[in-house]
Amino acid sequence: MTETRLVIFDVDGTLVDSQRDILAAMAAAFGAEGLAMPPRERVLSGVGLSLPETFLRLAGEQGPDTRARMIASYCSAYAGLRQANGAGSSPFYPGAREMLERLAGEPFTLLAVATGKSRRGLDGLVEAHGLEGLFHSRQTADDHPSKPNPAMIRAALDETGVAAHRAVMVGDTRFDTDMARAAGIASIGVGWGYQPAAGLGADRIIHDWAGLMPALDELTETIS
C-alpha cells in the first residue's frame with residue numbers, strides 16, 4: 001500500500017500568473033502616496049512574501065504609518081481588480097489546472113497551498129476558478145510569519161498528517177525553497193515564475209508541467 005504524500009503549491013508565479021494585477025495594485029499603492037513605483041523586476045522578485053514584508057522591502061524608507069496605508073491601498077486595488085476580472089485576474093499557467101486535477105485524482109496524493117496571499121485573496125481565487133475541495137490544506141500569510149519561515153508547511157503537515165519525507169513544496173521563488181528546507185521537506189522549482197530558476201536552490205527544477213510527476217515520484221520515492 002502506497003503511503004500518502006502531500007504536494008504543497010505556491011500560488012502566484014507557480015499556478016497562476018497574477019503579475020498584471022499585482023503590478024497595477026502596486027502602482028495604485030505607491031501612487032496614492034505620491035511615490036514612484038519600483039521597477040517591475042524588483043516588485044515581482046518579492047512576490048510570495050507577506051505584504052508587510054513586501055512593503056518593508058520596497059518602501060522601507062517610508063514610516064510604518066505610510067506603509068500601512070500603502071498596504072491598505074494595495075489590498076483595495078487588488079480586490080477591485082479581482083472583482084472586475086474574475087478568473088481572468090489570475091489565469092492559470094498552461095497545464096496547471098490539468099495537473100492539479102490529475103494529482104487530485106490520485107488516491108495517495110493530497111494537495112495543499114502555502115501562499116503569501118491573504119486568506120481573502122486565496123479564497124477569492126479558489127472561488128473564481130472553482131477549486132473548492134481540491135486542497136486539503138490552505139495556508140496563508142494571515143495566519144503565519146512570512147516565507148521563508150517554515151510555519152505554513154509545518155501547519156500543512158500537521159493538518160494532513162503526512163510525514164515530512166513524503167511532502168514536496170512546488171514554487172517559483174527562493175522564499176519557497178528556503179521555506180521547504182527549513183521545514184525539512186523536498187522542493188521543486190518551476191522555470192516560468194517570477195524569479196530565475198537558476199537561483200532557486202531547489203532539489204529539482206522543472207520547465208513545464210510534464211516534468212512535475214517524475215520529479216514528485218523521485219522525491220517522494222513513490223512506487224507505482
# chains A, B, ... in the order shown; residues from 1 in each chain; ligands from 1
>>> residues_around(residues="Glu3 in chain A", least_positions_apart="6", cutoff="9 Å", atoms="only C-alpha atoms", output="list in words")
Phe108, Thr109, Val162, Arg166 and Thr222 of chain A
>>> residues_around(residues="range 117-121 of chain A", least_positions_apart="3", cutoff="6 Å", atoms="only C-alpha atoms", output="ChimeraX atom specification")
/A:124,140-142
>>> write_last_selection(atoms="N, CA and C atoms", output="CSV table (one decimal), in the first residue's frame")
chain,number,residue,atom,x,y,z
A,124,GLY,N,-10.8,34.1,-2.7
A,124,GLY,CA,-11.3,34.7,-3.9
A,124,GLY,C,-10.8,34.0,-5.1
A,140,THR,N,-2.1,30.6,4.6
A,140,THR,CA,-1.9,32.0,4.0
A,140,THR,C,-1.1,32.8,5.0
A,141,ALA,N,-0.7,34.0,4.5
A,141,ALA,CA,0.1,34.9,5.2
A,141,ALA,C,-0.6,35.5,6.4
A,142,ASP,N,-2.0,35.4,6.4
A,142,ASP,CA,-2.7,36.0,7.5
A,142,ASP,C,-2.5,35.2,8.8
>>> atom_distance(atom1="CA of Leu200 in chain A", atom2="CA of Asp172 in chain A")
7.4 Å
>>> residues_around(residues="Asp176 in chain A", least_positions_apart="2", cutoff="8 Å", atoms="only C-alpha atoms", output="ChimeraX atom specification")
/A:10,48,147-148,169-174,178-180,187
>>> closest_residue(among="A:Glu221, A:Glu61, A:Asp17, A:Asp203", to="Pro94 in chain A", atoms="only C-alpha atoms")
A:Asp17
>>> residues_around(residues="Leu49 in chain A", least_positions_apart="4", cutoff="8 Å", atoms="only C-alpha atoms", output="JSON, numbers by chain")
{"A": [53, 54, 116, 146, 147, 175]}
>>> residues_around(residues="range 33-38 of chain A", least_positions_apart="4", cutoff="8 Å", atoms="only C-alpha atoms", output="ChimeraX atom specification")
/A:26-27,29,42-43,58,66,70
>>> write_last_selection(atoms="C-alpha atoms", output="CSV table (one decimal), in the first residue's frame")
chain,number,residue,atom,x,y,z
A,26,MET,CA,1.3,48.2,-6.5
A,27,ALA,CA,1.2,51.2,-8.8
A,29,ALA,CA,-0.4,51.9,-3.6
A,42,ARG,CA,12.1,44.4,-8.2
A,43,VAL,CA,8.4,44.2,-7.4
A,58,LEU,CA,10.0,48.1,-1.4
A,66,THR,CA,2.8,55.3,5.4
A,70,MET,CA,0.1,51.6,1.2
>>> residues_around(residues="Arg154 in chain A", least_positions_apart="3", cutoff="10 Å", atoms="only C-alpha atoms", output="PDB file with N, CA, C and O atoms, in the first residue's frame")
ATOM      1  N   GLN A 139      -2.854  27.358   3.510  1.00  0.00           N
ATOM      2  CA  GLN A 139      -2.103  28.181   4.453  1.00  0.00           C
ATOM      3  C   GLN A 139      -1.789  29.536   3.814  1.00  0.00           C
ATOM      4  O   GLN A 139      -1.297  29.599   2.696  1.00  0.00           O
ATOM      5  N   ASN A 149       9.901  31.550   6.618  1.00  0.00           N
ATOM      6  CA  ASN A 149       9.603  30.852   7.861  1.00  0.00           C
ATOM      7  C   ASN A 149       8.818  29.577   7.529  1.00  0.00           C
ATOM      8  O   ASN A 149       7.885  29.617   6.723  1.00  0.00           O
ATOM      9  N   PRO A 150       9.137  28.446   8.136  1.00  0.00           N
ATOM     10  CA  PRO A 150       8.509  27.177   7.754  1.00  0.00           C
ATOM     11  C   PRO A 150       7.132  26.927   8.353  1.00  0.00           C
ATOM     12  O   PRO A 150       6.567  25.842   8.190  1.00  0.00           O
ATOM     13  N   ALA A 151       6.547  27.914   9.029  1.00  0.00           N
ATOM     14  CA  ALA A 151       5.296  27.690   9.758  1.00  0.00           C
ATOM     15  C   ALA A 151       4.173  27.191   8.859  1.00  0.00           C
ATOM     16  O   ALA A 151       3.387  26.318   9.264  1.00  0.00           O
ATOM     17  N   LEU A 157       1.529  20.023   7.144  1.00  0.00           N
ATOM     18  CA  LEU A 157       1.874  18.652   7.540  1.00  0.00           C
ATOM     19  C   LEU A 157       1.021  18.199   8.718  1.00  0.00           C
ATOM     20  O   LEU A 157       0.499  17.083   8.724  1.00  0.00           O
ATOM     21  N   ASP A 158       0.861  19.073   9.698  1.00  0.00           N
ATOM     22  CA  ASP A 158       0.042  18.722  10.864  1.00  0.00           C
ATOM     23  C   ASP A 158      -1.417  18.500  10.466  1.00  0.00           C
ATOM     24  O   ASP A 158      -2.072  17.568  10.946  1.00  0.00           O
ATOM     25  N   GLU A 159      -1.918  19.354   9.587  1.00  0.00           N
ATOM     26  CA  GLU A 159      -3.324  19.282   9.204  1.00  0.00           C
ATOM     27  C   GLU A 159      -3.640  18.020   8.415  1.00  0.00           C
ATOM     28  O   GLU A 159      -4.727  17.454   8.537  1.00  0.00           O
ATOM     29  N   ALA A 164       7.085  14.369   6.800  1.00  0.00           N
ATOM     30  CA  ALA A 164       7.893  15.322   6.034  1.00  0.00           C
ATOM     31  C   ALA A 164       8.582  14.672   4.837  1.00  0.00           C
ATOM     32  O   ALA A 164       8.715  15.297   3.777  1.00  0.00           O
ATOM     33  N   MET A 179      11.913  27.967   2.535  1.00  0.00           N
ATOM     34  CA  MET A 179      10.880  27.548   3.465  1.00  0.00           C
ATOM     35  C   MET A 179      10.812  26.032   3.548  1.00  0.00           C
ATOM     36  O   MET A 179      10.708  25.450   4.636  1.00  0.00           O
ATOM     37  N   ALA A 180      10.868  25.384   2.384  1.00  0.00           N
ATOM     38  CA  ALA A 180      10.840  23.917   2.356  1.00  0.00           C
ATOM     39  C   ALA A 180      12.022  23.331   3.101  1.00  0.00           C
ATOM     40  O   ALA A 180      11.873  22.397   3.907  1.00  0.00           O
ATOM     41  N   ALA A 182      13.796  24.674   5.464  1.00  0.00           N
ATOM     42  CA  ALA A 182      13.657  24.920   6.899  1.00  0.00           C
ATOM     43  C   ALA A 182      12.656  23.966   7.544  1.00  0.00           C
ATOM     44  O   ALA A 182      12.779  23.631   8.733  1.00  0.00           O
ATOM     45  N   ALA A 183      11.672  23.514   6.755  1.00  0.00           N
ATOM     46  CA  ALA A 183      10.663  22.591   7.275  1.00  0.00           C
ATOM     47  C   ALA A 183      11.076  21.137   7.125  1.00  0.00           C
ATOM     48  O   ALA A 183      10.369  20.237   7.580  1.00  0.00           O
ATOM     49  N   GLY A 184      12.211  20.896   6.454  1.00  0.00           N
ATOM     50  CA  GLY A 184      12.697  19.532   6.303  1.00  0.00           C
ATOM     51  C   GLY A 184      12.010  18.741   5.211  1.00  0.00           C
ATOM     52  O   GLY A 184      11.946  17.512   5.293  1.00  0.00           O
ATOM     53  N   ILE A 185      11.485  19.436   4.180  1.00  0.00           N
ATOM     54  CA  ILE A 185      10.876  18.715   3.066  1.00  0.00           C
ATOM     55  C   ILE A 185      11.594  19.060   1.771  1.00  0.00           C
ATOM     56  O   ILE A 185      12.352  20.034   1.700  1.00  0.00           O
TER      57      ILE A 185
END
>>> atom_distance(atom1="CA of Leu103 in chain A", atom2="CA of Ala128 in chain A")
20.3 Å
